[in-house]
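This report concerns only the one structure given below.
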Amino acid sequence: MTTRQLDFDACYLAVSARDSRFDGRFYTAVTTTGIYCRPICPARTPARSNVRFYRHAAAAEAAGFRPCRRCRPELSPGDPGWNVRADLVGRALRLIDDGVADESGVAGLARRLHVTERHLHRLFATELGTGPLAVARTRRLLLAKQLLTETTLPITDVAFAAGFGSVRQFNAAMKESYGFAPGELRRTNGPVHEKGGPVALTTGLTLRLGHREPYDAQSVLRFLAARAIPSVEAVCRSGDDVTAYTRAVPGGSITLRPAAGHVRLTVRTTETHRLSRLVARCRRLLDLDADPGAVREILGSTSLAPLVAARPGLRVPGAYDGFELAVRAVVGQQISVAGARTLLGRIAARAGLPAVPSAPDATADAGTGVSDGVGPRDAEGMGGTGARSDAAGAGQVPLLFPTADRLAAADLDGLGLTTRRVATIRALAEAVASGAIDLDGAGDPADTTARLLEIPGIGPWTAGYIALRALRDPDAWPEGDLVLRRTMERLGIAAGEAERWRPWRAYAALHLWNHASTT
């Protein structure tokens with residue numbers, strides 16, 4: 001649904017009903033107040049003659065509207081429709097969220113997508129009603145508004161954390177778009193913390209990440225916990241529940257904790273300018289922008305109906321880094337989850353860099369916690385139990401997983417990998433480092449999958465698993481997966497039934513994997 005295709009009557013009905021299914025799919029602008037809101041805003045429903053509807057917050061701001069302070073548009077989940085379409089605008093939005101436009105401008109964004117700036121702007125104007133530069137600017141402003149509202153971070157730090165080049169630029173943008181200075185917003189509407197005092201990013205800054213209900217946080221966190229790479233990722237547990245997931249990021253670490261109606265993201269890093277990228281990648285990792293209602297509508301009318309009814313909030317775990325996920329998929333071919341964790345820990349210890357460069361001997365100590373044990377055979381993408389002796393905290397995740405260029409030059413002998421597997425990892429790393437394959441959002445999923453299949457050692461299962469998690473293709477299907485095939489046979493589901501699950505076959509795979517791991 002484009003800006004020109006927004007149905008006024010349907011949108012107005014959703015706003016009148018405060019229908020949460022439409023949260024993040026469009027925004028309501030009120031001409032009498034100059035404010036734009038989420039469809040779930042608790043304020044009184046405005047008269048039909050006084051509203052306009054916009055597909056993206058940037059389009060509303062470009063038309064002169066400012067965000068509502070009650071419903072807070074910065075907390076809206078993203079529009080899942082872009083992942084289904086996987087078109088150029090959708091991929092551009094993903095790169096903008098990742099900070100590409102902030103670092104390289106619209107020209108750099110267009111180069112990543114292999115199109116001209118003019119063509120990109122034309123597509124954005126058609127689909128969203130505004131250009132990519134305005135979208136990037138709105139993203140910065142909304143993140144800054146959230147930081148001002150939810151934290152006591154100094155305003156100067158807020159400006160740089162949100163992606164602005166200077167405090168002067170930040171102040172000017174806030175006054176131009178919202179009609180008030182950053183300090184005025186903080187005095188009247190935030191921060192929400194009960195205890196004051198400046199919050200340094202090195203000691204922890206916490207933000208709310210919204211999602212659509214229902215959301216099965218434990219299924220995602222347990223999936224990630226079972227595959228946590230030693231020294232790169234760690235988890236905290238309370239009984240069978242995962243209460244926190246921590247991973248290394250440049251300059252420090254991030255921690256994700258499930259909470260009522262949202263996920264709490266705590267950031268501890270010295271690299272403040274990466275905050276918007278951290279938020280975007282955490283949202284993709286936890287699949288926070290998914291629409292469970294749309295998935296249920298298709299899968300709930302098929303042979304998967306009992307599984308969907310039992311776990312309506314099931315999500316597809318994503319990837320924090322596309323290349324890292326691709327290496328996971330290659331290493332995890334035909335071995336257990338525990339075995340894959342062991343090998344990946346050794347790779348990180350051999351070629352990874354310290355998350356905080358000043359940390360002494362981080363790489364030397366990183367490999368000591370890696371077990372050599374291998375559990376029951378279970379491929380990396382399939383259900384597994386994982387280790388129980390995990391602990392969260394920045395000190396537990398001193399290493400960054402190696403980048404593509406670093407891994408391409410690394411010596412991987414003596415780690416327990418076969419010669420063929422080493423060759424595949426090196427070929428994959430070289431392809432990603434050279435730009436021939438883009439696993440972080442710029443490439444078309446079908447084209448990227450085809451390029452992956454050209455690498456010796458990557459077959460349909462591996463390419464499908466990478467598409468499912470790294471490329472965020474909701475219709476990806478790990479062809480030939482043994483657990484999927486056996487579970488379908490046990491449930492009496494014919495192989496051809498998978499065609500009825502389009503365009504949500506990735507979610508179908510998670511339902512089947514989850515069923516296999518709990519029965």
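Residue numbering restarts at 1 in every chain; chains get A, B, ... in the order shown in the structure tokens, and ligands count up from 1 in that same order.
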As a PyMOL selection string, list the residues of range 169-297 of chain A assigned to strand (DSSP E) by DSSP on the backbone atoms of this structure. chain A and resi 205-210+233-238+241-249+252-259+262-269
Would you give me, as a Markdown table, each residue of range 35-124 of chain A having an atom within 10 Å of an atom of range 444-456 of chain A, along with its shortest atom pair and that distance in Å to one decimal, using only C-alpha atoms and sorting by chain and residue number?
```
| residue | atom | partner | partner_atom | distance |
| --- | --- | --- | --- | --- |
| A:Asn83 | CA | A:Pro445 | CA | 9.8 |
| A:Ala86 | CA | A:Asp444 | CA | 6.7 |
| A:Asp87 | CA | A:Asp444 | CA | 7.2 |
| A:Leu88 | CA | A:Asp444 | CA | 7.8 |
| A:Gly90 | CA | A:Asp444 | CA | 10.0 |
| A:Arg91 | CA | A:Asp444 | CA | 7.8 |
| A:Leu113 | CA | A:Asp444 | CA | 9.3 |
```
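Note that the spacing between CA of Arg421 in chain A and CA of Val220 in chain A amounts to 27.8 Å.
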Measuring atom to atom with only C-alpha atoms, identify which of A:Gly204, A:Pro73, A:Gly108, A:Pro312 is nearest to Ile96 in chain A.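 Nearest to Ile96 in chain A: A:Gly108.
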What is the distance between CA of Glu479 in chain A and CA of Ala217 in chain A, in Å to one decimal?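 Going from CA of Glu479 in chain A over to CA of Ala217 in chain A covers 26.4 Å.
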Thr243 in chain A: which residues within 6 Å, counting only C-alpha atoms, same-chain residues fewer than 2 positions away excluded, as a PyMOL selection string? chain A and resi 236-237+257
Got time to write the residues from that selection, N, CA, C and O atoms, as a short mmCIF file (atom, residue, chain, number, x, y, z; two decimals), in the first residue's frame?
```
data_model
loop_
_atom_site.label_atom_id
_atom_site.label_comp_id
_atom_site.auth_asym_id
_atom_site.auth_seq_id
_atom_site.Cartn_x
_atom_site.Cartn_y
_atom_site.Cartn_z
N CYS A 236 21.52 -14.46 30.51
CA CYS A 236 21.16 -14.73 31.90
C CYS A 236 19.84 -15.47 31.90
O CYS A 236 18.96 -15.19 31.08
N ARG A 237 19.71 -16.43 32.81
CA ARG A 237 18.50 -17.24 32.88
C ARG A 237 17.91 -17.20 34.29
O ARG A 237 18.60 -17.00 35.27
N ARG A 257 16.33 -7.16 27.25
CA ARG A 257 15.54 -7.81 28.29
C ARG A 257 14.05 -7.69 27.95
O ARG A 257 13.58 -6.59 27.65
#
```
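Nearest residue to Ala506 in chain A among A:Ala234, A:Leu133, A:Val84, A:Leu439 is A:Val84, counting only C-alpha atoms.
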As a ChimeraX atom specification, please: the residues near Leu185 in chain A (cut-off 12 Å, only C-alpha atoms, same-chain neighbours under 5 positions excluded). /A:67-69,144-150,155,171,174-175,178-180,190-192
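When only C-alpha atoms are used to compute distances to Gly210 in chain A, the closest of the residues A:Ala349, A:Leu75, A:Ile298, A:Leu265 turns out to be A:Leu75.
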